[in-house]
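Notes follow once the structure below has been shown.
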Amino acid sequence: MALIVASVAAMLVSWRTLGAPLRPSLDFIGGTRLQIERDCDVAACDDPIDLAVVRDVLADQGLANSSLQLLGRDREALSIRTAELDVDRRTALLDALGDSVGPLDSTALQIDTVGPTIGRQIFRSGLTALLVSFLGITVYLSVRFRLDYALFALVALFHDVVITMGVFAILGLVLGVEADSLFIVALLTIVGFSVNDTVVIYDRIRETSKINPTQGFDNVVDAAVNQTLTRSINTTLTTTLGLVAIFLFGGETLKFFALAMIIGFILGAYSSIFIASTLLGWWRERSPLPLPEDDAEPDVPERDRFEDGPDNKAVL
Amino acid sequence: MGRQRSLLALILGLTLVAVVLIVQTPARLGLDLRGGSQLTLLVKTTDAVPTITPEKLAAVQGVVENRINGLGVSEAVVQTAGENQLLVQLPGVSDPEQAERVLGGTAQLDFREQQRDTSAQVLGALLDDRRAIEADESLEASEKQTTLQSANVAIATLFEKTELTGEMLTDAYAAPVPGGNNWEVILVFNEQGGQAFADLTKNVAGTGRTLGIFLDDTLLSAPTVQVQYAENGITGGRASVTGRFTTEEANELAIQLRGGSLPVPVEIVENRTVGATLGQDSIRQSLYAGIGGLVLVLIFVAIYYRLPGLIADVALIIYATLTFAVFALLQVTLTLPGIAGFILSIGMAVDANVLIFERTREELRAGRTLYRSVESGFYRAFSSILDSNVTTLIVCGALFWLGTGLVKGFALTLAIGVLISMFTALTCSRTLLLLVLSVPSLRKPELFCPNLPPNLPKNTPSTP
């Protein structure tokens with residue numbers, strides 16, 4: 001709870017200073033980003049690129065309020081974020097930079113230009129994807145389990161998404177980390193994985209409550225969480241291992257993409273246990289379901305399937 | 001045991017086929033990995049053309065393709081995207097300055113008259129030259145572009161402009177030649193255009209000189225006019241261009257003509273360019289990341305789950321092989337986010353195994369026999385695996401249908417990975433595990449679960 005409040009606070013601070021809850025990348029608001037690298041085969045580049053020189057060039061071109069960032073081990077690469085540039089202005093800028101900081105390696109050039117219309121479109125489609133998947137998950141869980149199961153899973157999902165956004169709001173304020181379209185992908189993946197964790201526990205709750213229908217729902221939830229705890233930890237660990245590998249070796253583009261998912265997956269494991277399941281237990285204790293409805297379980301009970309004998313394939 | 005054998009044979013066969021597929025099909029790398037430029041073009045509406053229909057978009061696509069051809073970039077791709085966008089991919093282009101200058105703007109279609117002091121032979125020779133340059137694979141893109149340009153200029157000097165331009169063309173379509181196998185392209189002009197066309201055809205009819213149809217200063221077609229039109233020209237505002245056209249050729253020309261007659265401006269709204277060396281760096285880095293992640297996971301699973309863990313490792317390697325084979329089979333273009341999706345799907349594949357093995361351990365601890373524990377581990381984990389994978393697939397679906405370029409790649413690789421992981425976890429792991437259980441010396445519960453309670457299941461055959 002405290003974390004959610006802190007996250008919302010971070011986004012509000014970000015809103016006051018940056019005009020958006022997270023520092024938006026040019027993917028969403030449009031603009032141009034150039035990444036250049038000096039060609040060290042042609043010119044001696046013993047000193048790192050002098051940012052003051054670059055700022056002078058930018059000021060000459062009327063692009064004084066662009067942001068700069070040195071990249072690479074030897075500070076040989078430079079990332080420049082400006083307003084949207086058309087071909088002529090971009091070529092002029094690149095030529096001027098080549099003259100002042102030294103010849104540039106044309107094979108190491110990276111250009112990202114996004115027009116404001118396209119940016120809004122990317123943002124809208126990302127947001128729609130997020131909402132559609134929320135809806136799809138709610139519907140699926142309502143069918144496979146029950147509506148209240150689905151709603152508590154949704155609460156857990158909001159928790160994960162909000163806190164991940166909060167962390168990136170802080171990263172945006174402190175380190176200038178931007179939220180790009182990959183960030184939306186990360187959020188969606190977090191949603192997928194977090195609901196995954198929740199579903200595994202729900203599955204156990206359903207199974208346990210069927211074997212012991214008389215047991216209090218609180219106890220059922222406790223037992224289910226305990227039984228799936230090792231699995232939750234191990235799965236989060238193995239998935240995070242892959243992500244840590246991307247975070248460490250995956251290069252600039254994927255670094256924060258991986259970080260967002262590492263944060264989100266750990267939150268997802270946490271929220272499945274302490275939010276979705278706990279809330280479900282609390283809710284069912286307060287308003288237990290009448291028994292007949294329990295029989296109308298839409299799904300084939302797990303035990304029936306098992307009793308078909310070992311020749312009944314569980315294979316797809 | 002017969003069923004197990006055939007399953008085992010199936011898995012082995014699939015893996016072999018997969019390896020062959022991977023070796024034979026070169027990986028299709030996205031522009032962010034191989035270097036290149038991707039431009040998104042927005043087709044704008046005007047007062048004259050208030051809506052962009054799919055047909056109009058296709059016509060503009062024809063125009064853009066024509067412009068791209070002039071750039072000399074090999075394997076360039078133009079696709080439609082959404083209602084009013086075109087996606088242009090230019091592999092290997094590090095600085096798309098030229099492309100951007102050429103691609104923007106409104107199409108210019110016009111009809112020109114071949115100059116009086118030139119002959120059809122000269123034109124024919126120049127056209128042959130241009131074809132040779134276009135087909136020449138050995139030329140660098142920039143070289144090819146300059147030579148193509150000078151070839152086009154040489155062709156254009158043979159013609160002089162007339163007043164007949166694209167706006168006067170109201171339609172162009174392909175139709176089969178009556179009573180023949182060939183196709184022709186029908187041109188329909190408005191009133192003013194019909195008059196201009198009649199004048200133009202009157203001038204060139206029967207002289208052996210051609211009338212040139214130019215799109216963006218590049219000659220599309222140079223038909224001659226038969227001598228019977230020398231008196232009045234082709235009147236009535238309709239004409240057909242015949243030649244030995246196949247259906248495709250006729251359609252292509254018709255589309256380019258329609259596109260050229262559309263007064264819609266094209267604007268570049270997105271430009272994503274990655275230099276070739278940057279792309280190579282990305283490949284190396286993501287390769288390290290992928291292999292690093294996989295090795296860490298394999299070690300963890302083997303240590304934690306012991307014998308089944310080792311089997312899961314084998315199943316995971318089969319999983320990775322099969323997934324890459326499916327990528328090759330479906331011609332999935334691998335991008336950076338796509339590789340991330342694949343690495344994530346390894347996590348999903350492990351999850352299925354973890355669910356099964358945890359279940360097996362529980363059954364063992366509850367005092368069941370080894371065989372029974374393994375079997376029920378698989379059965380009981382199934383519904384969890386299904387539910388969790390379906391939810392992931394829902395998210396992938398949302399991403400794929402609503403997402404743009406890079407996002408789609410991620411969703412696709414993750415979804416393929418999840419589907420294949422269902423197969424490998426439920427079939428490969430299970431078959432291999434049952435195979436191992438048939439070896440008496442490996443039939444020890446402690447290989448499956450540490451710290452079992454001392455009252456071991458009675459009917460476990462723990463001695464060979």
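Letters A, B, ... go to the chains of the structure tokens in the order shown; residues in each chain start at 1; ligands are counted from 1 in the same order.
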
Against chain A, which residues of chain B fall within 7 Å? For each one I want the closest pair of atoms and the distance in Å (one decimal), counting only C-alpha atoms, rows by chain and increasing residue number, as a tab-separated table.
residue	atom	partner	partner_atom	distance
B:Ser94	CA	A:Thr107	CA	5.7
B:Glu97	CA	A:Val87	CA	6.2
B:Glu100	CA	A:Val87	CA	6.8
B:Val269	CA	A:Gly115	CA	4.8
B:Glu270	CA	A:Val114	CA	4.4
B:Asn271	CA	A:Thr113	CA	4.8
B:Arg272	CA	A:Asp112	CA	4.6
B:Thr273	CA	A:Ile111	CA	4.7
B:Val274	CA	A:Gln110	CA	4.5
B:Gly275	CA	A:Thr107	CA	4.3
B:Ala276	CA	A:Thr107	CA	5.1
B:Thr277	CA	A:Ala108	CA	5.4
B:Leu278	CA	A:Ala108	CA	5.2
B:Ser282	CA	A:Gly251	CA	6.7
B:Gln285	CA	A:Gly250	CA	5.1
B:Ser286	CA	A:Gly250	CA	5.1
B:Tyr288	CA	A:Phe249	CA	6.5
B:Ala289	CA	A:Ile246	CA	4.9
B:Gly292	CA	A:Ala245	CA	6.0
B:Gly293	CA	A:Gly242	CA	4.0
B:Leu294	CA	A:Gly242	CA	6.7
B:Leu296	CA	A:Leu241	CA	6.7
B:Val297	CA	A:Thr238	CA	5.6
B:Ile343	CA	A:Gly242	CA	6.3
B:Leu344	CA	A:Thr239	CA	6.6
B:Gly347	CA	A:Thr239	CA	4.4
B:Asp351	CA	A:Thr235	CA	5.4
B:Val354	CA	A:Arg231	CA	6.2
B:Leu355	CA	A:Arg231	CA	6.2
B:Glu358	CA	A:Arg231	CA	6.6
B:Tyr379	CA	A:Ala314	CA	5.9
B:Phe382	CA	A:Ala314	CA	6.7
B:Ser384	CA	A:Val200	CA	5.2
B:Asp387	CA	A:Val199	CA	6.6
B:Ser388	CA	A:Asn196	CA	4.5
B:Thr391	CA	A:Ile137	CA	6.1
B:Thr392	CA	A:Gly192	CA	4.7
B:Ile394	CA	A:Ser133	CA	6.3
B:Val395	CA	A:Ser133	CA	5.2
B:Ala398	CA	A:Ala129	CA	5.0
B:Leu399	CA	A:Ala129	CA	5.7
B:Leu402	CA	A:Ser125	CA	5.5
B:Gly403	CA	A:Ser125	CA	6.1
B:Thr404	CA	A:Ile122	CA	7.0
B:Val407	CA	A:Val185	CA	6.6
B:Leu426	CA	A:Val315	CA	5.8
B:Thr427	CA	A:Val315	CA	6.5

Requested write-out: C-alpha atoms of the selected residues, as a compact mmCIF listing (two decimals), in the first residue's frame:
# COMPACT_ATOMS: atom_id res chain seq x y z
CA SER B 94 23.06 3.70 -43.01
CA GLU B 97 19.08 10.97 -46.66
CA GLU B 100 13.99 10.52 -47.72
CA VAL B 269 6.53 10.51 -40.34
CA GLU B 270 8.90 8.00 -38.82
CA ASN B 271 12.50 7.12 -39.46
CA ARG B 272 14.32 4.35 -37.65
CA THR B 273 17.83 3.84 -38.85
CA VAL B 274 20.47 1.61 -37.35
CA GLY B 275 24.01 1.57 -38.68
CA ALA B 276 25.42 -1.79 -39.76
CA THR B 277 28.08 -2.01 -37.03
CA LEU B 278 25.57 -1.05 -34.34
CA SER B 282 23.32 -5.79 -30.87
CA GLN B 285 25.13 -8.67 -27.11
CA SER B 286 21.79 -10.40 -27.38
CA TYR B 288 25.55 -13.39 -25.05
CA ALA B 289 22.42 -12.49 -23.13
CA GLY B 292 24.04 -16.59 -20.64
CA GLY B 293 20.44 -16.69 -19.49
CA LEU B 294 19.89 -20.19 -20.83
CA LEU B 296 22.15 -20.03 -15.80
CA VAL B 297 18.66 -21.49 -15.97
CA ILE B 343 14.48 -15.42 -23.80
CA LEU B 344 11.31 -14.78 -21.78
CA GLY B 347 11.21 -18.75 -18.52
CA ASP B 351 7.79 -22.76 -15.37
CA VAL B 354 8.84 -26.47 -12.27
CA LEU B 355 5.09 -26.91 -11.81
CA GLU B 358 6.97 -29.61 -7.56
CA TYR B 379 -1.70 -34.70 -14.72
CA PHE B 382 -1.72 -29.66 -16.47
CA SER B 384 -2.20 -24.79 -14.04
CA ASP B 387 -4.43 -21.58 -17.51
CA SER B 388 -1.18 -19.72 -17.09
CA THR B 391 -3.38 -15.82 -20.04
CA THR B 392 0.04 -15.15 -21.53
CA ILE B 394 -4.16 -13.36 -24.36
CA VAL B 395 -1.56 -10.69 -23.64
CA ALA B 398 -3.45 -7.94 -27.56
CA LEU B 399 0.13 -6.92 -28.30
CA LEU B 402 -2.70 -3.57 -31.52
CA GLY B 403 1.03 -3.14 -31.39
CA THR B 404 3.34 -1.62 -33.97
CA VAL B 407 6.06 -4.83 -30.45
CA LEU B 426 4.12 -32.13 -21.47
CA THR B 427 5.52 -34.48 -24.09

Any chance you could list, as a PyMOL selection string, the residues in segment 80-295 of chain B that come up strand (DSSP E) when DSSP is run on the backbone? chain B and resi 80-81+85-91+109-114+159-165+169-176+183-189+211-215+218-221+238-245+266-274

Counting only C-alpha atoms, which of B:Asp129, B:Glu249, B:Glu113, B:Glu267 gets nearest to Ala222 of chain B?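 The answer is B:Glu113, which sits nearest to Ala222 of chain B.
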
Residues of segment 19-242 of chain A classed as helix (DSSP H, G or I) by DSSP on the backbone are to be reported as a VMD selection string. chain A and resid 26 to 29 51 to 60 87 to 101 106 to 108 116 to 144 147 to 174 181 to 211 217 to 242

Just want the 7 Å neighbourhood of Leu336 of chain B, counted on only C-alpha atoms, with same-chain residues fewer than 4 positions away dropped. Output as a PyMOL selection string. chain B and resi 32-33+340
